[in-house]
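Participant: For reference, the file start-v4.pdb (PDB, C-alpha atoms) is included below:
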MODEL        1
ATOM      1  CA  THR A   1       0.000   0.000   0.000
ATOM      2  CA  VAL A   2       1.362   3.395  -0.933
ATOM      3  CA  VAL A   3       0.053   6.481   0.858
ATOM      4  CA  VAL A   4       0.997   9.759  -0.776
ATOM      5  CA  ASP A   5       1.209  12.862   1.390
ATOM      6  CA  GLY A   6       1.862  15.912  -0.731
ATOM      7  CA  GLY A   7       2.184  18.173   2.297
ATOM      8  CA  GLU A   8      -0.135  20.802   3.709
ATOM      9  CA  GLY A   9      -2.034  22.646   1.011
ATOM     10  CA  LYS A  10      -0.675  20.469  -1.799
ATOM     11  CA  ASP A  11      -2.850  18.527  -4.223
ATOM     12  CA  VAL A  12      -1.512  14.969  -4.456
ATOM     13  CA  SER A  13      -3.298  14.489  -7.783
ATOM     14  CA  ALA A  14      -0.609  16.738  -9.270
ATOM     15  CA  ILE A  15       2.130  14.194  -8.485
ATOM     16  CA  ALA A  16       3.059  12.253 -11.631
ATOM     17  CA  LEU A  17       3.360   8.478 -11.394
ATOM     18  CA  HIS A  18       6.861   8.399 -12.861
ATOM     19  CA  ASP A  19       7.945  10.885 -10.173
ATOM     20  CA  VAL A  20       6.691   8.492  -7.496
ATOM     21  CA  MET A  21       8.660   5.697  -9.168
ATOM     22  CA  PHE A  22      11.896   7.711  -9.229
ATOM     23  CA  ARG A  23      11.518   8.836  -5.632
ATOM     24  CA  ALA A  24      10.827   5.315  -4.385
ATOM     25  CA  ALA A  25      13.797   3.960  -6.381
ATOM     26  CA  GLU A  26      16.082   6.476  -4.685
ATOM     27  CA  ILE A  27      15.507   4.686  -1.378
ATOM     28  CA  GLY A  28      15.668   1.168  -2.749
ATOM     29  CA  LEU A  29      12.029   0.448  -3.627
ATOM     30  CA  VAL A  30      11.819  -0.553  -7.285
ATOM     31  CA  PRO A  31       8.654  -1.506  -9.197
ATOM     32  CA  ASP A  32       7.998  -5.188  -9.747
ATOM     33  CA  PRO A  33       8.948  -6.222 -13.330
ATOM     34  CA  ALA A  34       5.228  -6.471 -14.122
ATOM     35  CA  GLY A  35       5.212  -2.678 -13.977
ATOM     36  CA  CYS A  36       2.618  -0.127 -12.906
ATOM     37  CA  PHE A  37      -1.043   0.078 -13.770
ATOM     38  CA  LEU A  38      -2.878   3.353 -14.198
ATOM     39  CA  ALA A  39      -6.664   3.427 -14.336
ATOM     40  CA  ARG A  40      -7.251   6.735 -16.067
ATOM     41  CA  GLY A  41     -10.079   9.014 -15.032
ATOM     42  CA  LYS A  42     -12.842  10.235 -17.302
ATOM     43  CA  SER A  43     -11.331  13.692 -17.630
ATOM     44  CA  THR A  44      -9.866  14.362 -21.078
ATOM     45  CA  SER A  45      -7.739  17.240 -19.770
ATOM     46  CA  CYS A  46      -5.071  14.940 -18.339
ATOM     47  CA  SER A  47      -4.224  11.605 -19.962
ATOM     48  CA  GLU A  48      -2.168  10.554 -16.941
ATOM     49  CA  CYS A  49      -4.726  11.290 -14.207
ATOM     50  CA  GLY A  50      -6.329   8.392 -12.384
ATOM     51  CA  VAL A  51      -5.665   5.687  -9.821
ATOM     52  CA  ALA A  52      -2.305   3.912  -9.973
ATOM     53  CA  ILE A  53      -1.415   0.434  -8.761
ATOM     54  CA  ILE A  54       2.280  -0.272  -8.264
ATOM     55  CA  ARG A  55       4.024  -3.097  -6.428
ATOM     56  CA  LEU A  56       7.365  -2.047  -4.992
ATOM     57  CA  ARG A  57      10.064  -4.492  -3.981
ATOM     58  CA  ARG A  58      13.355  -4.282  -2.133
ATOM     59  CA  THR A  59      16.191  -5.042  -4.532
ATOM     60  CA  GLY A  60      19.377  -4.625  -2.514
ATOM     61  CA  TYR A  61      20.213  -1.396  -4.330
ATOM     62  CA  SER A  62      18.801   2.048  -5.067
ATOM     63  CA  ILE A  63      18.562   3.937  -8.359
ATOM     64  CA  ARG A  64      19.445   7.609  -8.708
ATOM     65  CA  CYS A  65      20.685  10.096 -11.280
ATOM     66  CA  ALA A  66      24.396   9.894 -12.056
ATOM     67  CA  ARG A  67      26.829  12.467 -10.694
ATOM     68  CA  MET A  68      30.258  13.521 -11.857
ATOM     69  CA  GLY A  69      31.686  11.645  -8.884
ATOM     70  CA  ASP A  70      30.420   8.400 -10.449
ATOM     71  CA  VAL A  71      32.498   8.719 -13.618
ATOM     72  CA  ASP A  72      35.537   6.756 -12.435
ATOM     73  CA  ALA A  73      33.352   3.860 -11.253
ATOM     74  CA  LEU A  74      31.321   3.832 -14.480
ATOM     75  CA  VAL A  75      34.472   3.843 -16.622
ATOM     76  CA  SER A  76      35.963   1.016 -14.544
ATOM     77  CA  ILE A  77      32.801  -1.128 -14.788
ATOM     78  CA  GLU A  78      32.604  -0.727 -18.559
ATOM     79  CA  ALA A  79      36.305  -1.560 -18.887
ATOM     80  CA  ALA A  80      35.734  -4.791 -16.962
ATOM     81  CA  ASN A  81      32.776  -5.707 -19.185
ATOM     82  CA  TRP A  82      34.895  -5.103 -22.296
ATOM     83  CA  LYS A  83      38.070  -6.526 -20.764
ATOM     84  CA  ASP A  84      39.469  -7.983 -23.973
ATOM     85  CA  GLN A  85      38.000  -5.413 -26.376
ATOM     86  CA  PRO A  86      39.052  -1.904 -25.290
ATOM     87  CA  GLU A  87      38.059  -0.531 -28.694
ATOM     88  CA  MET A  88      34.406  -1.208 -27.807
ATOM     89  CA  ARG A  89      34.380   0.966 -24.681
ATOM     90  CA  THR A  90      32.818   4.411 -24.334
ATOM     91  CA  ASN A  91      35.567   6.904 -23.575
ATOM     92  CA  GLN A  92      35.572   8.840 -20.329
ATOM     93  CA  LEU A  93      35.057  12.252 -21.940
ATOM     94  CA  LYS A  94      31.807  11.051 -23.531
ATOM     95  CA  ILE A  95      30.517   9.731 -20.204
ATOM     96  CA  GLU A  96      31.380  13.049 -18.564
ATOM     97  CA  ASP A  97      29.520  14.879 -21.346
ATOM     98  CA  ARG A  98      26.400  12.756 -20.817
ATOM     99  CA  ILE A  99      26.302  13.448 -17.095
ATOM    100  CA  ARG A 100      27.153  17.144 -17.397
ATOM    101  CA  ASN A 101      24.919  18.037 -20.349
ATOM    102  CA  ASN A 102      22.114  15.492 -20.064
ATOM    103  CA  PRO A 103      21.876  15.005 -16.272
ATOM    104  CA  GLN A 104      18.358  13.565 -16.014
ATOM    105  CA  CYS A 105      19.006  10.750 -18.497
ATOM    106  CA  ASN A 106      21.750   8.813 -16.738
ATOM    107  CA  LEU A 107      20.700   6.478 -13.930
ATOM    108  CA  VAL A 108      23.073   4.536 -11.705
ATOM    109  CA  VAL A 109      22.652   1.560  -9.423
ATOM    110  CA  GLN A 110      23.937   2.270  -5.926
ATOM    111  CA  ASP A 111      24.537  -0.546  -3.452
ATOM    112  CA  GLU A 112      23.710  -0.358   0.243
ATOM    113  CA  THR A 113      27.154   1.111   1.014
ATOM    114  CA  GLY A 114      26.586   3.977  -1.423
ATOM    115  CA  ALA A 115      28.976   2.652  -4.092
ATOM    116  CA  CYS A 116      28.067   3.003  -7.781
ATOM    117  CA  ARG A 117      27.679  -0.472  -9.314
ATOM    118  CA  GLY A 118      26.620   0.402 -12.855
ATOM    119  CA  GLY A 119      24.248   2.498 -14.877
ATOM    120  CA  VAL A 120      22.066   3.069 -17.896
ATOM    121  CA  TYR A 121      22.456   5.963 -20.328
ATOM    122  CA  PHE A 122      19.582   7.190 -22.473
ATOM    123  CA  GLN A 123      18.545  10.321 -24.329
ATOM    124  CA  MET A 124      15.460  11.998 -25.736
ATOM    125  CA  ILE A 125      15.044  12.033 -29.508
ATOM    126  CA  GLU A 126      12.258  13.399 -31.697
ATOM    127  CA  HIS A 127      11.581  10.436 -33.999
ATOM    128  CA  LEU A 128      12.431   6.733 -34.133
ATOM    129  CA  SER A 129      14.505   7.362 -37.258
ATOM    130  CA  ASP A 130      16.744   9.741 -35.279
ATOM    131  CA  ALA A 131      18.196   6.722 -33.435
ATOM    132  CA  THR A 132      20.013   5.728 -36.625
ATOM    133  CA  SER A 133      20.794   9.184 -38.019
ATOM    134  CA  HIS A 134      24.354   8.920 -36.626
ATOM    135  CA  ASP A 135      26.650   5.990 -35.947
ATOM    136  CA  TRP A 136      27.493   4.601 -32.488
ATOM    137  CA  TYR A 137      30.358   7.032 -31.959
ATOM    138  CA  ASP A 138      28.231  10.133 -32.638
ATOM    139  CA  LYS A 139      24.774   9.023 -31.463
ATOM    140  CA  GLU A 140      24.650  11.849 -28.918
ATOM    141  CA  LYS A 141      24.228  14.270 -31.833
ATOM    142  CA  ALA A 142      20.605  13.114 -32.087
ATOM    143  CA  ARG A 143      19.897  14.227 -28.499
ATOM    144  CA  LYS A 144      17.068  16.705 -27.895
ATOM    145  CA  PRO A 145      16.134  18.588 -24.695
ATOM    146  CA  ALA A 146      12.678  17.029 -25.108
ATOM    147  CA  GLY A 147      11.331  14.472 -27.526
ATOM    148  CA  SER A 148       8.743  11.797 -28.180
ATOM    149  CA  TRP A 149      11.153   8.855 -27.976
ATOM    150  CA  ILE A 150      13.619   7.595 -25.391
ATOM    151  CA  GLN A 151      16.742   6.040 -26.906
ATOM    152  CA  LEU A 152      18.575   3.565 -24.677
ATOM    153  CA  MET A 153      22.296   3.895 -25.372
ATOM    154  CA  ASP A 154      24.382   1.740 -23.040
ATOM    155  CA  ILE A 155      23.776  -0.415 -19.968
ATOM    156  CA  HIS A 156      26.740  -1.573 -17.908
ATOM    157  CA  VAL A 157      26.551  -3.210 -14.486
ATOM    158  CA  CYS A 158      29.263  -4.824 -12.384
ATOM    159  CA  GLN A 159      28.972  -8.561 -13.047
ATOM    160  CA  ALA A 160      30.200  -9.417  -9.549
ATOM    161  CA  PHE A 161      27.371  -7.337  -8.085
ATOM    162  CA  SER A 162      24.788  -9.182 -10.188
ATOM    163  CA  SER A 163      26.293 -12.483  -9.056
ATOM    164  CA  GLN A 164      26.210 -11.336  -5.438
ATOM    165  CA  LEU A 165      22.467 -10.620  -5.675
ATOM    166  CA  GLY A 166      21.812 -13.666  -7.855
ATOM    167  CA  ARG A 167      19.898 -11.599 -10.405
ATOM    168  CA  PRO A 168      20.681  -9.826 -13.714
ATOM    169  CA  VAL A 169      20.780  -6.243 -12.425
ATOM    170  CA  GLY A 170      21.352  -4.820 -15.905
ATOM    171  CA  ALA A 171      18.077  -6.363 -17.048
ATOM    172  CA  GLU A 172      16.322  -4.916 -13.993
ATOM    173  CA  LEU A 173      17.735  -1.479 -14.767
ATOM    174  CA  ARG A 174      16.446  -1.700 -18.334
ATOM    175  CA  GLU A 175      13.069  -2.834 -16.994
ATOM    176  CA  PHE A 176      12.916   0.147 -14.622
ATOM    177  CA  THR A 177      13.657   2.611 -17.431
ATOM    178  CA  VAL A 178      10.999   1.132 -19.721
ATOM    179  CA  ASN A 179       8.448   1.020 -16.873
ATOM    180  CA  ALA A 180       9.068   4.702 -16.143
ATOM    181  CA  ALA A 181       8.760   5.576 -19.854
ATOM    182  CA  LEU A 182       5.311   3.952 -19.926
ATOM    183  CA  HIS A 183       4.085   6.703 -17.609
ATOM    184  CA  ILE A 184       5.998   9.793 -18.747
ATOM    185  CA  PRO A 185       3.552  12.088 -20.604
ATOM    186  CA  GLY A 186       4.420  12.650 -24.237
ATOM    187  CA  ILE A 187       6.632   9.584 -24.658
ATOM    188  CA  GLU A 188       5.620   7.617 -27.744
ATOM    189  CA  GLY A 189       8.165   4.826 -27.512
ATOM    190  CA  VAL A 190      11.513   3.470 -26.326
ATOM    191  CA  CYS A 191      14.171   2.305 -28.773
ATOM    192  CA  ALA A 192      17.783   1.195 -28.985
ATOM    193  CA  VAL A 193      20.361   0.076 -31.492
ATOM    194  CA  THR A 194      21.683  -3.120 -29.973
ATOM    195  CA  ARG A 195      24.061  -5.893 -31.021
ATOM    196  CA  THR A 196      23.919  -9.635 -31.444
ATOM    197  CA  ARG A 197      26.182 -11.978 -29.490
ATOM    198  CA  ALA A 198      26.499 -14.878 -31.914
ATOM    199  CA  PHE A 199      26.026 -13.706 -35.506
ATOM    200  CA  ARG A 200      29.576 -14.271 -36.752
ATOM    201  CA  ARG A 201      30.057 -17.796 -35.397
ATOM    202  CA  THR A 202      26.515 -18.780 -36.444
ATOM    203  CA  GLN A 203      27.071 -17.462 -39.956
ATOM    204  CA  LYS A 204      30.082 -19.740 -40.369
ATOM    205  CA  ARG A 205      27.783 -22.693 -39.747
ATOM    206  CA  THR A 206      24.527 -21.608 -41.453
ATOM    207  CA  GLY A 207      25.627 -19.093 -44.086
ATOM    208  CA  GLU A 208      22.923 -16.655 -42.924
ATOM    209  CA  THR A 209      23.186 -12.965 -43.748
ATOM    210  CA  TYR A 210      22.966 -10.470 -40.898
ATOM    211  CA  GLU A 211      19.481  -9.489 -42.026
ATOM    212  CA  GLN A 212      18.308 -13.108 -41.992
ATOM    213  CA  TYR A 213      19.895 -13.755 -38.609
ATOM    214  CA  ILE A 214      18.200 -10.911 -36.741
ATOM    215  CA  ALA A 215      14.822 -11.652 -38.380
ATOM    216  CA  ARG A 216      14.789 -15.313 -37.332
ATOM    217  CA  ASP A 217      12.368 -15.998 -34.451
ATOM    218  CA  GLY A 218      12.012 -12.264 -33.932
ATOM    219  CA  GLY A 219      15.564 -12.210 -32.567
ATOM    220  CA  ALA A 220      14.721 -14.413 -29.567
ATOM    221  CA  HIS A 221      17.384 -16.990 -30.484
ATOM    222  CA  ASP A 222      20.255 -14.555 -29.838
ATOM    223  CA  ARG A 223      21.258 -13.634 -26.277
ATOM    224  CA  GLY A 224      21.998 -10.011 -27.158
ATOM    225  CA  LEU A 225      18.722  -9.411 -28.987
ATOM    226  CA  ALA A 226      16.776 -11.406 -26.385
ATOM    227  CA  PHE A 227      17.938  -8.912 -23.755
ATOM    228  CA  HIS A 228      15.273  -6.682 -25.301
ATOM    229  CA  VAL A 229      12.828  -8.821 -27.295
ATOM    230  CA  ALA A 230      12.222 -11.218 -24.391
ATOM    231  CA  HIS A 231      10.870  -8.229 -22.494
ATOM    232  CA  GLY A 232       8.487  -6.703 -25.002
ATOM    233  CA  ALA A 233      10.702  -5.154 -27.677
ATOM    234  CA  VAL A 234      10.444  -5.948 -31.383
ATOM    235  CA  VAL A 235      13.152  -5.960 -34.040
ATOM    236  CA  VAL A 236      12.772  -3.119 -36.554
ATOM    237  CA  GLY A 237      15.715  -3.903 -38.816
ATOM    238  CA  PRO A 238      19.478  -3.744 -39.404
ATOM    239  CA  VAL A 239      21.554  -0.588 -39.105
ATOM    240  CA  GLN A 240      24.448  -0.467 -41.555
ATOM    241  CA  LYS A 241      27.870   0.882 -40.538
ATOM    242  CA  TRP A 242      26.746   1.354 -36.947
ATOM    243  CA  ARG A 243      29.887   0.324 -35.064
ATOM    244  CA  PRO A 244      32.795  -0.451 -37.423
ATOM    245  CA  LYS A 245      34.972  -1.988 -34.687
ATOM    246  CA  ASP A 246      32.286  -4.516 -33.755
ATOM    247  CA  GLU A 247      33.705  -7.507 -35.635
ATOM    248  CA  GLU A 248      31.111  -9.947 -34.257
ATOM    249  CA  ASN A 249      28.392  -7.990 -36.064
ATOM    250  CA  ASP A 250      30.345  -6.960 -39.141
ATOM    251  CA  GLY A 251      30.025  -3.356 -37.964
ATOM    252  CA  LYS A 252      26.218  -3.475 -38.056
ATOM    253  CA  GLY A 253      23.590  -2.899 -35.371
ATOM    254  CA  THR A 254      19.962  -3.882 -34.871
ATOM    255  CA  LEU A 255      17.284  -1.277 -34.261
ATOM    256  CA  ILE A 256      14.657  -2.421 -31.743
ATOM    257  CA  ARG A 257      11.662  -0.620 -30.300
ATOM    258  CA  TYR A 258       9.319  -1.136 -27.364
ATOM    259  CA  PRO A 259       5.673  -0.692 -28.506
ATOM    260  CA  LEU A 260       4.440   0.992 -25.339
ATOM    261  CA  ASP A 261       0.727   0.971 -26.218
ATOM    262  CA  ASP A 262       0.793  -2.765 -26.906
ATOM    263  CA  MET A 263       2.736  -3.367 -23.691
ATOM    264  CA  ARG A 264       0.183  -1.450 -21.634
ATOM    265  CA  SER A 265      -2.661  -3.495 -23.096
ATOM    266  CA  ALA A 266      -0.848  -6.800 -22.579
ATOM    267  CA  ARG A 267      -0.022  -5.976 -18.972
ATOM    268  CA  TRP A 268      -3.608  -5.078 -18.195
ATOM    269  CA  THR A 269      -4.769  -8.361 -19.714
ATOM    270  CA  ASP A 270      -2.207 -10.385 -17.723
ATOM    271  CA  ALA A 271      -3.039  -8.526 -14.517
ATOM    272  CA  TRP A 272      -6.763  -9.082 -14.961
ATOM    273  CA  MET A 273      -6.295 -12.803 -15.584
ATOM    274  CA  THR A 274      -4.012 -13.111 -12.564
ATOM    275  CA  PHE A 275      -6.481 -11.201 -10.403
ATOM    276  CA  ASN A 276      -9.267 -13.604 -11.326
ATOM    277  CA  GLU A 277      -7.176 -16.739 -10.823
ATOM    278  CA  THR A 278      -5.108 -15.920  -7.732
ATOM    279  CA  PRO A 279      -6.538 -15.962  -4.181
ATOM    280  CA  GLU A 280      -6.021 -12.814  -2.142
ATOM    281  CA  PRO A 281      -2.685 -13.051  -0.247
ATOM    282  CA  LYS A 282      -2.787 -12.884   3.528
ATOM    283  CA  LEU A 283      -0.015 -10.829   5.050
ATOM    284  CA  ALA A 284       0.558 -10.404   8.765
ATOM    285  CA  ASP A 285       1.610  -7.016  10.088
ATOM    286  CA  ASP A 286       5.157  -8.237  10.652
ATOM    287  CA  ASP A 287       5.435  -9.326   7.006
ATOM    288  CA  CYS A 288       5.532  -5.699   5.921
ATOM    289  CA  THR A 289       7.848  -2.811   6.504
ATOM    290  CA  THR A 290       7.218   0.927   6.227
ATOM    291  CA  VAL A 291       9.635   3.298   4.505
ATOM    292  CA  THR A 292       9.289   7.058   4.197
ATOM    293  CA  VAL A 293      10.345   8.878   1.058
ATOM    294  CA  ALA A 294      10.021  12.577   0.328
ATOM    295  CA  LEU A 295       7.718  13.741  -2.441
ATOM    296  CA  ASP A 296       7.357  17.072  -4.151
ATOM    297  CA  PRO A 297       4.862  17.719  -6.997
ATOM    298  CA  ASN A 298       7.599  19.615  -8.833
ATOM    299  CA  PHE A 299      10.112  16.804  -8.463
ATOM    300  CA  CYS A 300      12.418  15.837 -11.308
ATOM    301  CA  PRO A 301      14.773  12.847 -11.087
ATOM    302  CA  SER A 302      17.899  14.977 -10.706
ATOM    303  CA  SER A 303      16.624  17.044  -7.773
ATOM    304  CA  ALA A 304      17.639  16.475  -4.176
ATOM    305  CA  VAL A 305      15.358  14.707  -1.735
ATOM    306  CA  ASP A 306      13.250  17.005   0.431
ATOM    307  CA  ASP A 307      12.414  15.414   3.786
ATOM    308  CA  SER A 308       9.524  17.769   4.514
ATOM    309  CA  THR A 309       6.827  15.585   2.900
ATOM    310  CA  SER A 310       6.498  11.858   2.693
ATOM    311  CA  VAL A 311       5.157   8.761   1.050
ATOM    312  CA  CYS A 312       4.691   5.609   3.128
ATOM    313  CA  CYS A 313       5.426   2.424   1.243
ATOM    314  CA  LYS A 314       4.399  -0.892   2.767
ATOM    315  CA  THR A 315       5.784  -3.813   0.834
ATOM    316  CA  PRO A 316       6.367  -7.470   1.726
ATOM    317  CA  LYS A 317       9.875  -8.142   2.994
ATOM    318  CA  SER A 318      10.115 -11.083   0.619
ATOM    319  CA  VAL A 319       8.616 -10.582  -2.824
ATOM    320  CA  ALA A 320       8.750 -13.372  -5.376
ATOM    321  CA  TYR A 321       9.477 -12.096  -8.866
ATOM    322  CA  TYR A 322      10.507 -13.522 -12.198
ATOM    323  CA  THR A 323      12.767 -12.285 -14.930
ATOM    324  CA  ALA A 324      14.192 -14.136 -17.895
ATOM    325  CA  SER A 325      17.741 -15.227 -17.266
ATOM    326  CA  SER A 326      20.500 -13.206 -18.871
ATOM    327  CA  SER A 327      24.217 -13.697 -18.489
ATOM    328  CA  SER A 328      24.993 -10.243 -19.806
ATOM    329  CA  ASP A 329      24.201  -6.816 -18.419
ATOM    330  CA  THR A 330      25.844  -5.029 -21.329
ATOM    331  CA  ASP A 331      23.787  -3.626 -24.187
TER     332      ASP A 331
ENDMDL
END
Can you present the structure in this file as structure tokens?
Facilitator:
Amino acid sequence: TVVVDGGEGKDVSAIALHDVMFRAAEIGLVPDPAGCFLARGKSTSCSECGVAIIRLRRTGYSIRCARMGDVDALVSIEAANWKDQPEMRTNQLKIEDRIRNNPQCNLVVQDETGACRGGVYFQMIEHLSDATSHDWYDKEKARKPAGSWIQLMDIHVCQAFSSQLGRPVGAELREFTVNAALHIPGIEGVCAVTRTRAFRRTQKRTGETYEQYIARDGGAHDRGLAFHVAHGAVVVGPVQKWRPKDEENDGKGTLIRYPLDDMRSARWTDAWMTFNETPEPKLADDDCTTVTVALDPNFCPSSAVDDSTSVCCKTPKSVAYYTASSSSDTD
């Protein structure tokens, strides 16, 4: 149960759902992979007004906006993930530019000691086609202060941290970003140009072209593509000359997109079926814990926490959840 207190004289209906999600994530309460559900009101003046249902779970980490002090850790984590292929890494100056000039679009995972354990970089673009208007090295040139699409760029998480928790944290970070995008007004879709993990060695055996390989089974057969398509994304097509130093993919990339409208409908259908088939859980008072997080109707993800107002989040100490297995947290 989530109780929102906007403070004296404040209208809680003005608090956006994605703001609640970001604030809760800052203190270690992250939405269940099934996402949030918003029953919209009859008013046509606000498409995001209504009653929201969100299940929050303790993950062993918190999510916040990246700071310049995180750069060294982020560079180190990416270097470890590309240990034998330094030419595939994002250089430090580019990471600094993202954090300095696009501060709200870089989220990091912070463990319980406060250490940065990885992050996801994304940017706003105007159209889906803008995601492929520049190659991998210059993709930031498509960035807009505001846009209708969110382009996921890179996801890197410390593999040892994922192993410690026994879960693919990179996949959870992607899931959080997509879940938030579902409830940000004006966002039409989420996209990325990703890479396969087995095209080159498969081609030697089957003779498939890159185009044939990524189209087979909707991309679900490849671990790199499945990182997205197993969680709602669809393959759009190949991107020529995307990353010349990526020998495994012959320098090409694969454009994917998350059809947000279809995902909303599918989640409502699954939730309704589950509601009808599952008996109401019985939780004792000691099965729940209460956490207080500050809320401000004018909150944006990069702002500091204000302890003057609060939201009480009661969530089971142990929440069962499922995510498809993934041995890679690198997009």
Participant: Name the residues captured by the PyMOL selection byres ((chain A and resi 110) around 12) when it is applied to the shown file; answer as a PyMOL selection string.
Facilitator: chain A and resi 25-28+59-67+70+73-74+107-109+111-119+157-158+161+169+173
Participant: I need the residue nearest Met88 in chain A from this list: A:Lys241, A:Glu140, A:Glu248, A:Tyr258. Use all atoms listed in the file for the distance.
Facilitator: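 Checking each candidate against Met88 in chain A, we get A:Glu248 as the closest.
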Participant: Taking only C-alpha atoms into account, name the residue in A:Asp84, A:Asp154, A:Asp250, A:Glu78 that is nearest to Phe122 in chain A.
Facilitator: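 So, comparing all the options, the nearest one is A:Asp154.
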Participant: Go through A:Lys94, A:Arg257, A:Arg89, A:Arg100 and flag the residue nearest Lys245 in chain A, using only C-alpha atoms for the distances.
Facilitator: A:Arg89
Participant: Exactly which residues make up the result of the PyMOL selection byres ((chain A and resi 212) around 12) on this file, given as a VMD selection string?
Facilitator: chain A and resid 199 202 to 203 206 to 211 213 to 219 235 237 to 238 254
Participant: Using all atoms listed in the file, which residue out of A:Ile95, A:Val234, A:Gln151, A:Gln123 lies closest to Asp72 in chain A?
Facilitator: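 With all atoms listed in the file as the atom set, the closest residue is A:Ile95.
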Participant: Report, in Å to a single decimal, how far apart CA of Met21 in chain A and CA of Arg143 in chain A are.
Facilitator: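 Spanning CA of Arg143 in chain A to CA of Met21 in chain A is a straight-line distance of 23.9 Å.
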Participant: Around range 229-232 of chain A, with edges along x, y and z and 6 Å added on all six sides, what centre and edge lengths do you get, in Å to one decimal, as AutoDock Vina command-line options?
Facilitator:
--center_x 10.7 --center_y -9.0 --center_z -24.9 --size_x 16.3 --size_y 16.5 --size_z 16.8
Participant: Need to verify the contact set: Asp222 in chain A, 8 Å, all atoms listed in the file, exclusion of same-chain residues closer than 5 positions in sequence. Can you return it as a count of residues only?
Facilitator: 3
Participant: Rank nothing, just name the residue among A:Pro244, A:Pro103, A:Gly224, A:Gly189 nearest to Ile125 in chain A, using only C-alpha atoms.
Facilitator: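 Smallest distance to Ile125 in chain A is found for A:Gly189.
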Participant: Taking into account only C-alpha atoms, which residue in the set A:Trp272, A:Arg243, A:Asn81, A:Glu188 is nearest to Tyr137 in chain A?
Facilitator: A:Arg243
